[in-house]
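A quick write-up on the structure given underneath.
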Amino acid sequence: MRHKPFFRWVLTLGFVLFACGMGISTVQPEPKPVATRQIDLAVVEEKPDGDCRVRWSDPYAQRVREEPYRCDPTRSSLLKAPNWGDSRGYGWESAFMYTEGPDQGDLADPDAGVMFENDGDPGGIVLAWGILAIAVGLVGGNLRALPRTLGVEARLVRRATALAEAAGWTARDHERAMEAARGAGRQGEFGAAPDPELVRALWVLREAGPESRRTAQAARELSDRLAVLLEEAAPAAGLRNRLRSGPAARAAAETAVAELRRLLAEAERDGLQERFAQTSVDLLRGQDSERAALASGADFERDPEAYRRLFEELAPREPAALPEPRR
């Protein structure tokens, strides 16, 4: 599967947002503090830690308001009830009231500092999103590149190597069985009483069945293909190999790893590993000479023509004679 540079695009977007945010912040006018004026408050209720309820006159809403407020607990006790000379028994405190904006008539929080008109700075918001996108692109891109850098594909290469070895063994086992039959056949003709060694060699191929020839052919082709890909994928087998390889070799290794991944998926889907193992087992049955001799002899007595046809398929064909050239 082709690599999609997702995090590269995220990183690019982050730099674009960062540049736009800087530009917006540059052209934006300096923020102005919201206008306020100091007013007197009547402290209706107060706790030792400074939490209190205050009452004041809101000239904009034209009503008396009462809300919680954070009084200064360190102010003089003469300003607190009942020392403060208020006929209602209230204390005294001062605060700043907003005279403009959406909070007009509200009390400014003494712990919040100065409030500015354009606290919702669009340039700052775009800048923050740009920084976030840059961070995601850098971290995500590095995490995605980490497996390729550290050679995590080594496990994939090991699986491909094991499959190549199994395919190679199956191809060699079938070739040895064929050579054994051909070698025994060269000792004499297939007459009415053929050589028991030839019968045993043919029995091995007969027991493995015609499927073994197709499996061996597939194993031979797969083994040759995997050998080439494994050589190209060597830089992906570990960090040391990757560092010693050049850019071209690393690029070829990524392509080879992708092809290996496809071949392994197809092999797992088709059950090639199990087929190779079963074919090798069937072809190695002839190693037990005594048992194979008894089984092959009995099977030959039942169907000698099948052995004759198999022997003829294995016999090398004479090349056709070429016509004499005209003079």
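Identifiers in this document derive from the order of the structure tokens: chains are assigned A, B, ..., residues are numbered from 1 separately in each chain, and ligands are numbered from 1 in order of occurrence.
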Next item on the list: Find the residues around Ala135 (chain A) up to 12 Å (only C-alpha atoms counted), leave out those fewer than 2 positions away in its own chain, and share them as a list in words.
Entry: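 Non-adjacent residues within range: Phe7, Arg8, Val10, Leu11, Thr12, Leu13, Gly14, Phe15, Phe18, Ala128, Trp129, Gly130, Ile131, Leu132, Ala133, Gly137, Leu138, Val139, Gly140, Gly141 and Asn142 of chain A.
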Next item on the list: From the DSSP assignment of the backbone, select every residue of region 9-189 of chain A that is strand (DSSP E), and format the answer as a PyMOL selection string.
Entry: chain A and resi 36-46+51-58+63-70+91-98
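Distances from A:Ala234, A:Lys47, A:Gly21, A:Val199 to Glu305 (chain A) were compared using only C-alpha atoms, and the smallest one belongs to A:Val199.
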Next item on the list: List the neighbours of region 250-259 of chain A out to 6 Å using only C-alpha atoms; skip same-chain residues closer than 6 positions along the sequence, and give me the result as a list in words.
Entry: Leu229, Glu232 and Ala233 of chain A
Checklist line | Pairwise distance for CA of Ala162 (chain A) and CA of Leu226 (chain A), rounded to one decimal in Å | finding: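 Spanning CA of Ala162 (chain A) to CA of Leu226 (chain A) is a straight-line distance of 10.3 Å.
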Item checked: Spatial neighbours of region 205-211 of chain A, 12 Å, only C-alpha atoms, chain gap at least 6 places, as number ranges by chain -> A: 170, 173-182, 198-199, 217-218, 275-276, 278-286, 292, 295-296, 299-300, 303-304, 306-311, 313-314
Notebook entry, point to check: Could you name the residues that touch Arg261 (chain A) at 10 Å or less, counting only C-alpha atoms, but leaving out those on the same chain fewer than 3 positions away, as a list of chain:residue names?
Noted result: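 Surrounding residues, per the criterion: A:Met1, A:Glu153, A:Leu156, A:Val157, A:Arg159, A:Ala160, A:Thr255, A:Ala256, A:Val257, A:Ala258, A:Leu264, A:Ala265, A:Glu266, A:Ala267.
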Save the residues we just selected, all heavy atoms, as an mmCIF file, in the first residue's frame?
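Contents of out-v2.cif, freshly written:
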data_model
loop_
_atom_site.group_PDB
_atom_site.id
_atom_site.type_symbol
_atom_site.label_atom_id
_atom_site.label_comp_id
_atom_site.auth_asym_id
_atom_site.auth_seq_id
_atom_site.Cartn_x
_atom_site.Cartn_y
_atom_site.Cartn_z
ATOM 1 N N MET A 1 0.844 -1.184 0.000
ATOM 2 C CA MET A 1 0.000 0.000 0.000
ATOM 3 C C MET A 1 0.884 1.240 0.000
ATOM 4 O O MET A 1 1.857 1.332 0.740
ATOM 5 C CB MET A 1 -0.894 -0.013 1.249
ATOM 6 C CG MET A 1 -1.882 1.142 1.281
ATOM 7 S SD MET A 1 -3.036 1.010 2.680
ATOM 8 C CE MET A 1 -1.892 1.123 4.050
ATOM 9 N N GLU A 153 10.062 -3.735 10.535
ATOM 10 C CA GLU A 153 9.719 -4.704 9.511
ATOM 11 C C GLU A 153 10.555 -5.980 9.620
ATOM 12 O O GLU A 153 10.377 -6.899 8.831
ATOM 13 C CB GLU A 153 9.928 -4.094 8.115
ATOM 14 C CG GLU A 153 8.972 -2.976 7.762
ATOM 15 C CD GLU A 153 9.487 -1.621 8.186
ATOM 16 O OE1 GLU A 153 10.446 -1.594 8.973
ATOM 17 O OE2 GLU A 153 8.948 -0.595 7.752
ATOM 18 N N LEU A 156 8.448 -8.953 9.783
ATOM 19 C CA LEU A 156 7.911 -9.304 8.469
ATOM 20 C C LEU A 156 8.955 -10.027 7.637
ATOM 21 O O LEU A 156 8.658 -11.013 6.960
ATOM 22 C CB LEU A 156 7.434 -8.044 7.760
ATOM 23 C CG LEU A 156 6.834 -8.232 6.367
ATOM 24 C CD1 LEU A 156 5.450 -8.853 6.470
ATOM 25 C CD2 LEU A 156 6.754 -6.894 5.643
ATOM 26 N N VAL A 157 10.186 -9.551 7.693
ATOM 27 C CA VAL A 157 11.274 -10.190 6.935
ATOM 28 C C VAL A 157 11.507 -11.607 7.439
ATOM 29 O O VAL A 157 11.746 -12.531 6.650
ATOM 30 C CB VAL A 157 12.557 -9.337 7.038
ATOM 31 C CG1 VAL A 157 13.739 -10.066 6.416
ATOM 32 C CG2 VAL A 157 12.356 -7.989 6.350
ATOM 33 N N ARG A 159 9.280 -13.602 8.798
ATOM 34 C CA ARG A 159 8.179 -14.435 8.308
ATOM 35 C C ARG A 159 8.375 -14.795 6.842
ATOM 36 O O ARG A 159 8.135 -15.940 6.430
ATOM 37 C CB ARG A 159 6.860 -13.699 8.494
ATOM 38 C CG ARG A 159 6.383 -13.575 9.922
ATOM 39 C CD ARG A 159 5.137 -12.713 9.995
ATOM 40 N NE ARG A 159 4.101 -13.208 9.093
ATOM 41 C CZ ARG A 159 3.119 -12.459 8.628
ATOM 42 N NH1 ARG A 159 3.067 -11.167 8.927
ATOM 43 N NH2 ARG A 159 2.205 -12.973 7.824
ATOM 44 N N ALA A 160 8.808 -13.810 6.048
ATOM 45 C CA ALA A 160 9.050 -14.079 4.637
ATOM 46 C C ALA A 160 10.204 -15.066 4.457
ATOM 47 O O ALA A 160 10.173 -15.924 3.570
ATOM 48 C CB ALA A 160 9.348 -12.769 3.904
ATOM 49 N N THR A 255 9.750 -0.584 -0.946
ATOM 50 C CA THR A 255 8.957 -1.221 -2.004
ATOM 51 C C THR A 255 8.948 -2.734 -1.849
ATOM 52 O O THR A 255 7.911 -3.382 -2.004
ATOM 53 C CB THR A 255 9.518 -0.832 -3.378
ATOM 54 O OG1 THR A 255 9.547 0.590 -3.500
ATOM 55 C CG2 THR A 255 8.683 -1.427 -4.490
ATOM 56 N N ALA A 256 10.124 -3.299 -1.514
ATOM 57 C CA ALA A 256 10.208 -4.751 -1.340
ATOM 58 C C ALA A 256 9.387 -5.210 -0.143
ATOM 59 O O ALA A 256 8.743 -6.258 -0.188
ATOM 60 C CB ALA A 256 11.672 -5.168 -1.172
ATOM 61 N N VAL A 257 9.406 -4.439 0.936
ATOM 62 C CA VAL A 257 8.625 -4.798 2.124
ATOM 63 C C VAL A 257 7.133 -4.791 1.801
ATOM 64 O O VAL A 257 6.379 -5.667 2.244
ATOM 65 C CB VAL A 257 8.955 -3.829 3.282
ATOM 66 C CG1 VAL A 257 7.930 -3.947 4.397
ATOM 67 C CG2 VAL A 257 10.342 -4.127 3.829
ATOM 68 N N ALA A 258 6.684 -3.814 1.035
ATOM 69 C CA ALA A 258 5.272 -3.765 0.637
ATOM 70 C C ALA A 258 4.894 -4.999 -0.188
ATOM 71 O O ALA A 258 3.822 -5.591 -0.004
ATOM 72 C CB ALA A 258 4.995 -2.491 -0.140
ATOM 73 N N LEU A 264 2.863 -12.425 1.576
ATOM 74 C CA LEU A 264 2.564 -13.144 2.813
ATOM 75 C C LEU A 264 1.062 -13.214 3.050
ATOM 76 O O LEU A 264 0.547 -14.235 3.524
ATOM 77 C CB LEU A 264 3.255 -12.457 3.995
ATOM 78 C CG LEU A 264 4.772 -12.653 4.084
ATOM 79 C CD1 LEU A 264 5.352 -11.809 5.200
ATOM 80 C CD2 LEU A 264 5.115 -14.121 4.307
ATOM 81 N N ALA A 265 0.365 -12.129 2.730
ATOM 82 C CA ALA A 265 -1.091 -12.140 2.889
ATOM 83 C C ALA A 265 -1.719 -13.164 1.952
ATOM 84 O O ALA A 265 -2.639 -13.905 2.350
ATOM 85 C CB ALA A 265 -1.648 -10.746 2.634
ATOM 86 N N GLU A 266 -1.257 -13.222 0.709
ATOM 87 C CA GLU A 266 -1.792 -14.203 -0.235
ATOM 88 C C GLU A 266 -1.452 -15.624 0.198
ATOM 89 O O GLU A 266 -2.282 -16.536 0.089
ATOM 90 C CB GLU A 266 -1.230 -13.933 -1.627
ATOM 91 C CG GLU A 266 -1.736 -12.647 -2.264
ATOM 92 C CD GLU A 266 -1.166 -12.430 -3.650
ATOM 93 O OE1 GLU A 266 -0.314 -13.252 -4.072
ATOM 94 O OE2 GLU A 266 -1.571 -11.456 -4.324
ATOM 95 N N ALA A 267 -0.220 -15.833 0.698
ATOM 96 C CA ALA A 267 0.182 -17.168 1.148
ATOM 97 C C ALA A 267 -0.659 -17.622 2.332
ATOM 98 O O ALA A 267 -1.056 -18.795 2.419
ATOM 99 C CB ALA A 267 1.664 -17.165 1.517
#
Note to self: For a quick check of understanding, using only C-alpha atoms, which of A:Gly183, A:Pro73, A:Pro122, A:Pro110 has the smallest distance to Met22 (chain A)?
What the structure shows: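 Smallest separation from Met22 (chain A) among the options: A:Pro122.
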Checklist line | Given only C-alpha atoms as the counted atoms, nearest of A:Ser25, A:Gly91, A:Pro68, A:Ser76 to Ile125 (chain A) | finding: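 For Ile125 (chain A), the nearest of the given residues is A:Ser25.
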Next item on the list: Using DSSP on the backbone, list every residue of region 81-126 of chain A that comes out as helix (DSSP H, G or I), and give them as a count of residues only.
Entry: 5
Next item on the list: Measuring atom to atom with only C-alpha atoms, identify which of A:Leu78, A:Leu107, A:Cys71, A:Met97 is nearest to Ala35 (chain A).
Entry: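 The answer is A:Met97, which sits nearest to Ala35 (chain A).
Counting from CA of Thr161 (chain A), the distance to CA of Gly271 (chain A) is 16.3 Å.
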Note to self: Can you tell me which residues surround Ala81 (chain A) at a distance of at most 10 Å, considering only C-alpha atoms, apart from same-chain residues fewer than 5 positions away, and format the answer as number ranges by chain?
What the structure shows: A: 42-46, 86, 88-92
Next item on the list: Quick one: everything within 12 Å of Tyr60 (chain A), counting only C-alpha atoms, minus sequence neighbours fewer than 5 positions away in the same chain. Send it as an NGL selection string.
Entry: :A and (65 or 97-106)
Note to self: Considering only C-alpha atoms, can you say which of A:Ala277, A:Ile134, A:Val126, A:Ala112 comes closest to Ser212 (chain A)?
What the structure shows: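 Once distances to Ser212 (chain A) are computed over only C-alpha atoms, the minimum belongs to A:Ala277.
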